[in-house]
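my_file.pdb, holding PDB, C-alpha atoms:
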ATOM      1  CA  MET B   1      55.037-156.240 -84.611  1.00  0.00           C
ATOM      2  CA  MET B   2      58.379-157.221 -83.112  1.00  0.00           C
ATOM      3  CA  LYS B   3      59.579-160.274 -85.024  1.00  0.00           C
ATOM      4  CA  TRP B   4      62.712-160.726 -82.934  1.00  0.00           C
ATOM      5  CA  PHE B   5      60.690-161.393 -79.781  1.00  0.00           C
ATOM      6  CA  ASN B   6      58.790-164.650 -79.457  1.00  0.00           C
ATOM      7  CA  LYS B   7      56.295-165.002 -76.607  1.00  0.00           C
ATOM      8  CA  LYS B   8      56.566-168.790 -76.813  1.00  0.00           C
ATOM      9  CA  ASN B   9      59.406-170.298 -74.766  1.00  0.00           C
ATOM     10  CA  ASN B  10      62.224-171.330 -77.114  1.00  0.00           C
ATOM     11  CA  LEU B  11      63.827-173.544 -74.486  1.00  0.00           C
ATOM     12  CA  ASP B  12      63.037-177.152 -73.679  1.00  0.00           C
ATOM     13  CA  GLU B  13      62.764-178.387 -70.083  1.00  0.00           C
ATOM     14  CA  MET B  14      66.454-179.254 -69.726  1.00  0.00           C
ATOM     15  CA  GLN B  15      67.582-175.892 -71.130  1.00  0.00           C
ATOM     16  CA  GLU B  16      65.066-174.152 -68.876  1.00  0.00           C
ATOM     17  CA  LEU B  17      66.614-175.921 -65.873  1.00  0.00           C
ATOM     18  CA  GLN B  18      70.123-174.942 -66.987  1.00  0.00           C
ATOM     19  CA  LEU B  19      69.019-171.315 -67.466  1.00  0.00           C
ATOM     20  CA  LEU B  20      67.447-171.285 -63.999  1.00  0.00           C
ATOM     21  CA  LYS B  21      70.708-172.614 -62.529  1.00  0.00           C
ATOM     22  CA  ALA B  22      72.718-169.969 -64.394  1.00  0.00           C
ATOM     23  CA  GLU B  23      70.324-167.243 -63.240  1.00  0.00           C
ATOM     24  CA  SER B  24      70.511-168.527 -59.661  1.00  0.00           C
ATOM     25  CA  ARG B  25      74.329-168.467 -59.747  1.00  0.00           C
ATOM     26  CA  GLY B  26      74.181-164.982 -61.272  1.00  0.00           C
ATOM     27  CA  PHE B  27      71.937-163.830 -58.438  1.00  0.00           C
ATOM     28  CA  TRP B  28      74.331-165.149 -55.781  1.00  0.00           C
ATOM     29  CA  ILE B  29      77.377-163.675 -57.529  1.00  0.00           C
ATOM     30  CA  GLY B  30      75.561-160.308 -57.566  1.00  0.00           C
ATOM     31  CA  PHE B  31      74.431-160.642 -53.946  1.00  0.00           C
ATOM     32  CA  ILE B  32      77.848-161.620 -52.566  1.00  0.00           C
ATOM     33  CA  GLY B  33      79.560-159.110 -54.889  1.00  0.00           C
ATOM     34  CA  LEU B  34      77.386-156.284 -53.564  1.00  0.00           C
ATOM     35  CA  ALA B  35      78.041-157.336 -49.959  1.00  0.00           C
ATOM     36  CA  ALA B  36      81.782-157.373 -50.682  1.00  0.00           C
ATOM     37  CA  ALA B  37      81.601-153.983 -52.453  1.00  0.00           C
ATOM     38  CA  ILE B  38      79.722-152.457 -49.489  1.00  0.00           C
ATOM     39  CA  ALA B  39      82.201-153.944 -46.998  1.00  0.00           C
ATOM     40  CA  VAL B  40      85.235-152.711 -48.958  1.00  0.00           C
ATOM     41  CA  GLN B  41      83.768-149.214 -49.355  1.00  0.00           C
ATOM     42  CA  ALA B  42      82.811-149.074 -45.679  1.00  0.00           C
ATOM     43  CA  PHE B  43      86.360-150.093 -44.818  1.00  0.00           C
ATOM     44  CA  LEU B  44      87.940-147.558 -47.169  1.00  0.00           C
ATOM     45  CA  TYR B  45      85.666-144.575 -46.583  1.00  0.00           C
ATOM     46  CA  GLY B  46      83.944-145.321 -43.252  1.00  0.00           C
ATOM     47  CA  VAL B  47      80.369-146.381 -42.486  1.00  0.00           C
ATOM     48  CA  ASN B  48      79.300-142.732 -42.024  1.00  0.00           C
ATOM     49  CA  SER B  49      79.944-141.967 -45.693  1.00  0.00           C
ATOM     50  CA  ALA B  50      77.257-144.485 -46.710  1.00  0.00           C
ATOM     51  CA  GLY B  51      74.998-141.723 -48.098  1.00  0.00           C
ATOM     52  CA  ASP B  52      77.704-140.507 -50.461  1.00  0.00           C
ATOM     53  CA  MET B  53      79.512-143.704 -51.368  1.00  0.00           C
ATOM     54  CA  PHE B  54      77.393-146.845 -51.309  1.00  0.00           C
ATOM     55  CA  LEU B  55      73.757-146.027 -50.632  1.00  0.00           C
ATOM     56  CA  GLY B  56      72.775-147.315 -54.085  1.00  0.00           C
ATOM     57  CA  GLU B  57      74.543-150.634 -53.590  1.00  0.00           C
ATOM     58  CA  PHE B  58      72.997-150.960 -50.146  1.00  0.00           C
ATOM     59  CA  ILE B  59      69.455-150.372 -51.453  1.00  0.00           C
ATOM     60  CA  VAL B  60      69.906-152.952 -54.237  1.00  0.00           C
ATOM     61  CA  PHE B  61      71.420-155.425 -51.750  1.00  0.00           C
ATOM     62  CA  LEU B  62      68.500-154.872 -49.371  1.00  0.00           C
ATOM     63  CA  CYS B  63      65.924-155.298 -52.156  1.00  0.00           C
ATOM     64  CA  MET B  64      67.567-158.560 -53.309  1.00  0.00           C
ATOM     65  CA  GLY B  65      67.544-159.917 -49.762  1.00  0.00           C
ATOM     66  CA  LEU B  66      63.961-158.860 -49.064  1.00  0.00           C
ATOM     67  CA  TYR B  67      62.747-160.306 -52.360  1.00  0.00           C
ATOM     68  CA  LEU B  68      64.444-163.629 -51.632  1.00  0.00           C
ATOM     69  CA  ILE B  69      63.036-163.791 -48.097  1.00  0.00           C
ATOM     70  CA  GLY B  70      59.548-162.824 -49.324  1.00  0.00           C
ATOM     71  CA  SER B  71      59.561-165.400 -52.128  1.00  0.00           C
ATOM     72  CA  CYS B  72      60.801-168.177 -49.875  1.00  0.00           C
ATOM     73  CA  LEU B  73      58.240-167.428 -47.155  1.00  0.00           C
ATOM     74  CA  ARG B  74      55.423-167.208 -49.710  1.00  0.00           C
ATOM     75  CA  ASN B  75      56.352-170.644 -51.047  1.00  0.00           C
ATOM     76  CA  GLY B  76      56.939-172.168 -47.618  1.00  0.00           C
ATOM     77  CA  ILE B  77      60.653-172.725 -48.217  1.00  0.00           C
ATOM     78  CA  TRP B  78      63.271-172.287 -45.488  1.00  0.00           C
ATOM     79  CA  ASP B  79      66.668-173.665 -46.499  1.00  0.00           C
ATOM     80  CA  ARG B  80      68.210-176.636 -48.284  1.00  0.00           C
ATOM     81  CA  HIS B  81      70.367-177.723 -45.365  1.00  0.00           C
ATOM     82  CA  LEU B  82      69.248-175.856 -42.236  1.00  0.00           C
ATOM     83  CA  LYS B  83      66.071-176.351 -40.235  1.00  0.00           C
ATOM     84  CA  ALA B  84      63.987-173.564 -38.737  1.00  0.00           C
ATOM     85  CA  THR B  85      64.676-174.481 -35.118  1.00  0.00           C
ATOM     86  CA  PRO B  86      65.457-172.070 -32.225  1.00  0.00           C
ATOM     87  CA  SER B  87      68.953-173.541 -31.733  1.00  0.00           C
ATOM     88  CA  VAL B  88      69.860-173.071 -35.427  1.00  0.00           C
ATOM     89  CA  ASN B  89      68.432-169.529 -35.375  1.00  0.00           C
ATOM     90  CA  ILE B  90      70.457-168.615 -32.281  1.00  0.00           C
ATOM     91  CA  GLY B  91      73.607-170.165 -33.777  1.00  0.00           C
ATOM     92  CA  LEU B  92      73.159-168.221 -37.030  1.00  0.00           C
ATOM     93  CA  SER B  93      72.464-164.951 -35.228  1.00  0.00           C
ATOM     94  CA  LEU B  94      75.616-165.416 -33.109  1.00  0.00           C
ATOM     95  CA  ILE B  95      77.708-166.007 -36.251  1.00  0.00           C
ATOM     96  CA  ALA B  96      76.192-162.960 -38.019  1.00  0.00           C
ATOM     97  CA  ALA B  97      76.644-160.795 -34.923  1.00  0.00           C
ATOM     98  CA  THR B  98      80.267-161.911 -34.459  1.00  0.00           C
ATOM     99  CA  VAL B  99      81.219-161.203 -38.091  1.00  0.00           C
ATOM    100  CA  THR B 100      79.519-157.781 -38.165  1.00  0.00           C
ATOM    101  CA  ALA B 101      80.775-156.774 -34.712  1.00  0.00           C
ATOM    102  CA  LEU B 102      84.321-157.804 -35.651  1.00  0.00           C
ATOM    103  CA  PHE B 103      84.134-155.784 -38.869  1.00  0.00           C
ATOM    104  CA  ASN B 104      82.927-152.696 -36.990  1.00  0.00           C
ATOM    105  CA  ALA B 105      85.538-153.164 -34.248  1.00  0.00           C
ATOM    106  CA  ILE B 106      88.280-153.249 -36.903  1.00  0.00           C
ATOM    107  CA  LEU B 107      86.849-150.071 -38.469  1.00  0.00           C
ATOM    108  CA  SER B 108      86.747-148.437 -35.046  1.00  0.00           C
ATOM    109  CA  TYR B 109      90.350-149.410 -34.286  1.00  0.00           C
ATOM    110  CA  ARG B 110      91.452-148.042 -37.650  1.00  0.00           C
ATOM    111  CA  ASN B 111      89.718-144.707 -36.957  1.00  0.00           C
ATOM    112  CA  PHE B 112      90.600-144.191 -33.268  1.00  0.00           C
ATOM    113  CA  GLN B 113      93.633-146.458 -32.671  1.00  0.00           C
ATOM    114  CA  SER B 114      92.130-147.531 -29.341  1.00  0.00           C
ATOM    115  CA  VAL B 115      91.757-151.140 -28.262  1.00  0.00           C
ATOM    116  CA  SER B 116      89.265-150.336 -25.502  1.00  0.00           C
ATOM    117  CA  THR B 117      87.018-148.386 -27.912  1.00  0.00           C
ATOM    118  CA  ALA B 118      87.225-151.207 -30.452  1.00  0.00           C
ATOM    119  CA  LEU B 119      86.334-153.715 -27.740  1.00  0.00           C
ATOM    120  CA  SER B 120      83.364-151.582 -26.642  1.00  0.00           C
ATOM    121  CA  VAL B 121      82.207-151.340 -30.259  1.00  0.00           C
ATOM    122  CA  PHE B 122      82.543-155.108 -30.623  1.00  0.00           C
ATOM    123  CA  ILE B 123      80.513-155.817 -27.482  1.00  0.00           C
ATOM    124  CA  ALA B 124      77.818-153.243 -28.336  1.00  0.00           C
ATOM    125  CA  TYR B 125      77.418-154.484 -31.911  1.00  0.00           C
ATOM    126  CA  PHE B 126      77.534-158.121 -30.835  1.00  0.00           C
ATOM    127  CA  LEU B 127      74.807-157.685 -28.224  1.00  0.00           C
ATOM    128  CA  MET B 128      72.555-155.563 -30.432  1.00  0.00           C
ATOM    129  CA  LEU B 129      72.897-157.707 -33.529  1.00  0.00           C
ATOM    130  CA  SER B 130      72.654-161.095 -31.826  1.00  0.00           C
ATOM    131  CA  VAL B 131      69.325-160.016 -30.307  1.00  0.00           C
ATOM    132  CA  ALA B 132      68.064-158.279 -33.491  1.00  0.00           C
ATOM    133  CA  VAL B 133      69.009-161.130 -35.865  1.00  0.00           C
ATOM    134  CA  SER B 134      67.689-163.724 -33.441  1.00  0.00           C
ATOM    135  CA  VAL B 135      64.334-161.914 -33.211  1.00  0.00           C
ATOM    136  CA  ALA B 136      64.188-161.492 -37.011  1.00  0.00           C
ATOM    137  CA  LEU B 137      64.970-165.185 -37.600  1.00  0.00           C
ATOM    138  CA  THR B 138      62.448-166.290 -34.967  1.00  0.00           C
ATOM    139  CA  LEU B 139      59.793-164.110 -36.598  1.00  0.00           C
ATOM    140  CA  CYS B 140      60.634-165.425 -40.091  1.00  0.00           C
ATOM    141  CA  SER B 141      60.665-169.059 -38.931  1.00  0.00           C
ATOM    142  CA  ALA B 142      57.253-168.550 -37.268  1.00  0.00           C
ATOM    143  CA  LEU B 143      55.898-167.103 -40.531  1.00  0.00           C
ATOM    144  CA  TYR B 144      57.493-169.981 -42.453  1.00  0.00           C
ATOM    145  CA  ARG B 145      55.879-172.611 -40.206  1.00  0.00           C
ATOM    146  CA  ARG B 146      52.491-170.910 -40.527  1.00  0.00           C
ATOM    147  CA  ARG B 147      52.787-170.759 -44.311  1.00  0.00           C
ATOM    148  CA  ARG B 148      54.041-174.361 -44.495  1.00  0.00           C
ATOM    149  CA  LYS B 149      51.036-175.530 -42.467  1.00  0.00           C
ATOM    150  CA  HIS B 150      48.679-173.544 -44.707  1.00  0.00           C
ATOM    151  CA  LEU B 151      50.200-175.018 -47.885  1.00  0.00           C
ATOM    152  CA  GLU B 152      50.021-178.558 -46.506  1.00  0.00           C
ATOM    153  CA  GLU B 153      46.349-178.097 -45.633  1.00  0.00           C
ATOM    154  CA  GLU B 154      45.709-176.560 -49.056  1.00  0.00           C
ATOM    155  CA  ASN B 155      47.238-179.648 -50.719  1.00  0.00           C
ATOM    156  CA  ASP B 156      45.056-181.890 -48.562  1.00  0.00           C
ATOM    157  CA  ASP B 157      41.992-180.094 -49.924  1.00  0.00           C
ATOM    158  CA  ILE B 158      43.148-180.641 -53.517  1.00  0.00           C
ATOM    159  CA  GLU B 159      43.593-184.368 -52.894  1.00  0.00           C
ATOM    160  CA  ASN B 160      40.077-184.648 -51.473  1.00  0.00           C
TER     161      ASN B 160
ATOM    162  CA  MET C   1      73.137-194.153 -64.843  1.00  0.00           C
ATOM    163  CA  LYS C   2      73.061-194.546 -68.630  1.00  0.00           C
ATOM    164  CA  ASN C   3      69.714-195.319 -70.175  1.00  0.00           C
ATOM    165  CA  LEU C   4      70.747-197.989 -72.660  1.00  0.00           C
ATOM    166  CA  ARG C   5      67.160-199.235 -73.066  1.00  0.00           C
ATOM    167  CA  LEU C   6      66.170-195.863 -74.465  1.00  0.00           C
ATOM    168  CA  LYS C   7      69.115-195.868 -76.849  1.00  0.00           C
ATOM    169  CA  LEU C   8      68.294-199.421 -78.006  1.00  0.00           C
ATOM    170  CA  ALA C   9      64.599-198.607 -78.488  1.00  0.00           C
ATOM    171  CA  ARG C  10      65.538-195.567 -80.537  1.00  0.00           C
ATOM    172  CA  MET C  11      67.944-197.584 -82.677  1.00  0.00           C
ATOM    173  CA  GLU C  12      65.333-200.316 -83.171  1.00  0.00           C
ATOM    174  CA  LYS C  13      63.118-197.625 -84.681  1.00  0.00           C
ATOM    175  CA  ASP C  14      66.109-196.520 -86.794  1.00  0.00           C
ATOM    176  CA  MET C  15      65.762-193.043 -85.381  1.00  0.00           C
ATOM    177  CA  SER C  16      68.545-190.559 -84.720  1.00  0.00           C
ATOM    178  CA  GLN C  17      68.716-188.487 -81.549  1.00  0.00           C
ATOM    179  CA  THR C  18      67.944-185.412 -83.662  1.00  0.00           C
ATOM    180  CA  GLU C  19      64.831-187.027 -85.124  1.00  0.00           C
ATOM    181  CA  LEU C  20      63.507-188.199 -81.761  1.00  0.00           C
ATOM    182  CA  ALA C  21      64.254-184.779 -80.281  1.00  0.00           C
ATOM    183  CA  LYS C  22      62.324-183.087 -83.072  1.00  0.00           C
ATOM    184  CA  ARG C  23      59.328-185.390 -82.607  1.00  0.00           C
ATOM    185  CA  VAL C  24      59.071-184.812 -78.857  1.00  0.00           C
ATOM    186  CA  GLY C  25      59.858-181.105 -79.113  1.00  0.00           C
ATOM    187  CA  VAL C  26      63.193-180.873 -77.317  1.00  0.00           C
ATOM    188  CA  THR C  27      66.806-180.356 -78.402  1.00  0.00           C
ATOM    189  CA  ARG C  28      69.131-183.180 -79.453  1.00  0.00           C
ATOM    190  CA  GLN C  29      71.321-182.280 -76.468  1.00  0.00           C
ATOM    191  CA  THR C  30      68.435-183.117 -74.105  1.00  0.00           C
ATOM    192  CA  ILE C  31      67.910-186.573 -75.646  1.00  0.00           C
ATOM    193  CA  GLY C  32      71.673-187.144 -75.478  1.00  0.00           C
ATOM    194  CA  MET C  33      71.722-186.187 -71.809  1.00  0.00           C
ATOM    195  CA  VAL C  34      68.730-188.434 -71.010  1.00  0.00           C
ATOM    196  CA  GLU C  35      70.487-191.365 -72.707  1.00  0.00           C
ATOM    197  CA  SER C  36      73.758-190.677 -70.933  1.00  0.00           C
ATOM    198  CA  GLY C  37      71.971-190.339 -67.588  1.00  0.00           C
ATOM    199  CA  ASP C  38      73.027-186.714 -67.089  1.00  0.00           C
ATOM    200  CA  TYR C  39      69.457-185.413 -67.034  1.00  0.00           C
ATOM    201  CA  ASN C  40      66.301-186.799 -65.416  1.00  0.00           C
ATOM    202  CA  PRO C  41      63.413-185.925 -67.727  1.00  0.00           C
ATOM    203  CA  THR C  42      59.997-184.873 -66.437  1.00  0.00           C
ATOM    204  CA  LEU C  43      57.185-187.418 -66.531  1.00  0.00           C
ATOM    205  CA  ASN C  44      55.641-185.539 -69.473  1.00  0.00           C
ATOM    206  CA  LEU C  45      58.798-185.912 -71.553  1.00  0.00           C
ATOM    207  CA  CYS C  46      59.146-189.587 -70.545  1.00  0.00           C
ATOM    208  CA  ILE C  47      55.580-190.224 -71.763  1.00  0.00           C
ATOM    209  CA  GLN C  48      56.225-188.395 -75.043  1.00  0.00           C
ATOM    210  CA  ILE C  49      59.419-190.389 -75.655  1.00  0.00           C
ATOM    211  CA  CYS C  50      57.598-193.667 -74.887  1.00  0.00           C
ATOM    212  CA  ARG C  51      54.799-192.767 -77.288  1.00  0.00           C
ATOM    213  CA  GLU C  52      57.236-191.968 -80.090  1.00  0.00           C
ATOM    214  CA  LEU C  53      59.174-195.186 -79.562  1.00  0.00           C
ATOM    215  CA  GLY C  54      56.102-197.388 -79.007  1.00  0.00           C
ATOM    216  CA  LYS C  55      57.231-198.444 -75.536  1.00  0.00           C
ATOM    217  CA  THR C  56      55.844-198.178 -72.013  1.00  0.00           C
ATOM    218  CA  LEU C  57      57.336-196.218 -69.136  1.00  0.00           C
ATOM    219  CA  ASN C  58      58.280-199.553 -67.553  1.00  0.00           C
ATOM    220  CA  ASP C  59      60.153-200.602 -70.695  1.00  0.00           C
ATOM    221  CA  LEU C  60      62.317-197.493 -70.816  1.00  0.00           C
ATOM    222  CA  PHE C  61      62.472-195.888 -67.408  1.00  0.00           C
ATOM    223  CA  TRP C  62      61.661-198.373 -64.662  1.00  0.00           C
ATOM    224  CA  GLU C  63      64.613-199.653 -62.683  1.00  0.00           C
ATOM    225  CA  GLU C  64      64.344-202.716 -60.461  1.00  0.00           C
ATOM    226  CA  ASN C  65      66.041-202.488 -57.065  1.00  0.00           C
ATOM    227  CA  ASP C  66      68.581-205.237 -56.390  1.00  0.00           C
ATOM    228  CA  ASP C  67      66.823-206.164 -53.146  1.00  0.00           C
ATOM    229  CA  GLU C  68      63.344-206.076 -54.654  1.00  0.00           C
ATOM    230  CA  VAL C  69      61.446-209.383 -54.737  1.00  0.00           C
ATOM    231  CA  VAL C  70      60.325-210.114 -58.316  1.00  0.00           C
TER     232      VAL C  70
END
What is this structure when it is put down as structure tokens?
Amino acid sequence: MMKWFNKKNNLDEMQELQLLKAESRGFWIGFIGLAAAIAVQAFLYGVNSAGDMFLGEFIVFLCMGLYLIGSCLRNGIWDRHLKATPSVNIGLSLIAATVTALFNAILSYRNFQSVSTALSVFIAYFLMLSVAVSVALTLCSALYRRRRKHLEEENDDIEN
Amino acid sequence: MKNLRLKLARMEKDMSQTELAKRVGVTRQTIGMVESGDYNPTLNLCIQICRELGKTLNDLFWEENDDEVV
């Protein structure tokens, strides 16, 4: 029998809250750190070398993101500050598309030294990503609203 | 906001933070943070503290609004 491991929680409610906060900060440091590591490696070695250089980081980053999205949707949670409205979704997708398109345009300019190619890359990425992210956010917000409605109705049943 | 009523009730019982913490099953740090207003305890912990100090939730944790008609 392992005496060093205790199944009972050693922490009280305040310590539990502090641990959850620390774990949450740790998660975000890891998430942003991975995104930064992927961006730096893509910049240094090119996006095409993903298989050799940062596939592992990318898979972990993807899993973290998918887990977070799945957990939030399951619990009917969207965001602390933003609402799941079409205008917010479009705004967010435009920001995401701009940042990613700009990053890829810079990479393209570094590789080919051509402003017109970089501009084409920017426009192509911007159009593709703004549509893709917008569709993904719309889909997620629809799932969120459905789940939220279900949870509210479930709580009504408990009260009755 | 500091919870002076809790501190007073504890002192009336001649109880240290460590002793109260032990009785309600939390750390001394938690009791200290509740008294200093740095932590909002759950209702369960509030009830346990009230029971140990022989007070009601109103006595220790209820706050009247300034604009409330009494």
Using the chain letters and residue numbers of this document, give as a ChimeraX atom specification the residues selected by the ChimeraX specification (/B :<9) & /C. /C:25-27,29-30,33,39-42,45
Determine the residue set returned by the PyMOL selection byres ((chain C and resi 53) around 12) for the present structure, and present it as a compact mmCIF listing (two decimals) with C-alpha atoms, in the coordinates of the input.
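Generated file (result.txt):
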# COMPACT_ATOMS: atom_id res chain seq x y z
CA ARG C 5 67.16 -199.24 -73.07
CA LEU C 6 66.17 -195.86 -74.46
CA LYS C 7 69.11 -195.87 -76.85
CA LEU C 8 68.29 -199.42 -78.01
CA ALA C 9 64.60 -198.61 -78.49
CA ARG C 10 65.54 -195.57 -80.54
CA MET C 11 67.94 -197.58 -82.68
CA GLU C 12 65.33 -200.32 -83.17
CA LYS C 13 63.12 -197.62 -84.68
CA ASP C 14 66.11 -196.52 -86.79
CA MET C 15 65.76 -193.04 -85.38
CA SER C 16 68.54 -190.56 -84.72
CA GLN C 17 68.72 -188.49 -81.55
CA GLU C 19 64.83 -187.03 -85.12
CA LEU C 20 63.51 -188.20 -81.76
CA ALA C 21 64.25 -184.78 -80.28
CA ARG C 23 59.33 -185.39 -82.61
CA VAL C 24 59.07 -184.81 -78.86
CA CYS C 46 59.15 -189.59 -70.54
CA ILE C 47 55.58 -190.22 -71.76
CA GLN C 48 56.22 -188.40 -75.04
CA ILE C 49 59.42 -190.39 -75.66
CA CYS C 50 57.60 -193.67 -74.89
CA ARG C 51 54.80 -192.77 -77.29
CA GLU C 52 57.24 -191.97 -80.09
CA GLY C 54 56.10 -197.39 -79.01
CA LYS C 55 57.23 -198.44 -75.54
CA THR C 56 55.84 -198.18 -72.01
CA LEU C 57 57.34 -196.22 -69.14
CA ASP C 59 60.15 -200.60 -70.69
CA LEU C 60 62.32 -197.49 -70.82
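Residue nearest B:Cys72, chosen from B:Leu44, B:Cys140, B:Ile106, B:Leu55 and counting only C-alpha atoms: B:Cys140.
Here atom CA of B:Thr138 stands at a distance of 22.6 Å from atom CA of B:Glu153.
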Suppose you want the space between atom CA of B:Tyr109 and atom CA of B:Val121; what is it in Å?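 Atom CA of B:Val121 lies at a distance of 9.3 Å from atom CA of B:Tyr109.
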What's the separation between atom CA of B:Arg110 and atom CA of B:Tyr45, in Å to one decimal place?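 Separation between atom CA of B:Arg110 and atom CA of B:Tyr45: 11.2 Å.
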May I have the protein, DNA and RNA residues with any atom at most 12 Å from the point (81.9, -155.7, -38.0), counting all atoms listed in the file, written as an MDAnalysis selection string? chainID B and resid 39:40 42:43 46:47 95:109 118:119 121:126 129
Please save C-alpha atoms of the selected residues as a tab-separated table (two decimals), in the coordinates of the input.
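What landed in result-v6.tsv:
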chain	number	residue	atom	x	y	z
B	39	ALA	CA	82.20	-153.94	-47.00
B	40	VAL	CA	85.24	-152.71	-48.96
B	42	ALA	CA	82.81	-149.07	-45.68
B	43	PHE	CA	86.36	-150.09	-44.82
B	46	GLY	CA	83.94	-145.32	-43.25
B	47	VAL	CA	80.37	-146.38	-42.49
B	95	ILE	CA	77.71	-166.01	-36.25
B	96	ALA	CA	76.19	-162.96	-38.02
B	97	ALA	CA	76.64	-160.79	-34.92
B	98	THR	CA	80.27	-161.91	-34.46
B	99	VAL	CA	81.22	-161.20	-38.09
B	100	THR	CA	79.52	-157.78	-38.16
B	101	ALA	CA	80.78	-156.77	-34.71
B	102	LEU	CA	84.32	-157.80	-35.65
B	103	PHE	CA	84.13	-155.78	-38.87
B	104	ASN	CA	82.93	-152.70	-36.99
B	105	ALA	CA	85.54	-153.16	-34.25
B	106	ILE	CA	88.28	-153.25	-36.90
B	107	LEU	CA	86.85	-150.07	-38.47
B	108	SER	CA	86.75	-148.44	-35.05
B	109	TYR	CA	90.35	-149.41	-34.29
B	118	ALA	CA	87.22	-151.21	-30.45
B	119	LEU	CA	86.33	-153.72	-27.74
B	121	VAL	CA	82.21	-151.34	-30.26
B	122	PHE	CA	82.54	-155.11	-30.62
B	123	ILE	CA	80.51	-155.82	-27.48
B	124	ALA	CA	77.82	-153.24	-28.34
B	125	TYR	CA	77.42	-154.48	-31.91
B	126	PHE	CA	77.53	-158.12	-30.84
B	129	LEU	CA	72.90	-157.71	-33.53
Find the smallest box with edges along x, y and z containing every listed atom of stretch 13-32 of chain B, then add 8 Å on each side and report centre and edge lengths in Å to one decimal, as JSON.
{"center_x": 70.3, "center_y": -169.8, "center_z": -61.8, "size_x": 31.1, "size_y": 34.9, "size_z": 34.6}
Could you expand the PyMOL selection byres ((chain B and resi 81-91) around 9) into the explicit residues it covers here, written as number ranges by chain? B: 78-80, 92-96, 130-131, 133-135, 137-138, 140-142, 144-145
From the set C:Asn3, C:Lys22, C:Ile31, C:Phe61, which residue has the shortest atom-to-atom contact distance to C:Leu43, counting all atoms listed in the file?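 Closest to C:Leu43, using all atoms listed in the file: C:Phe61.
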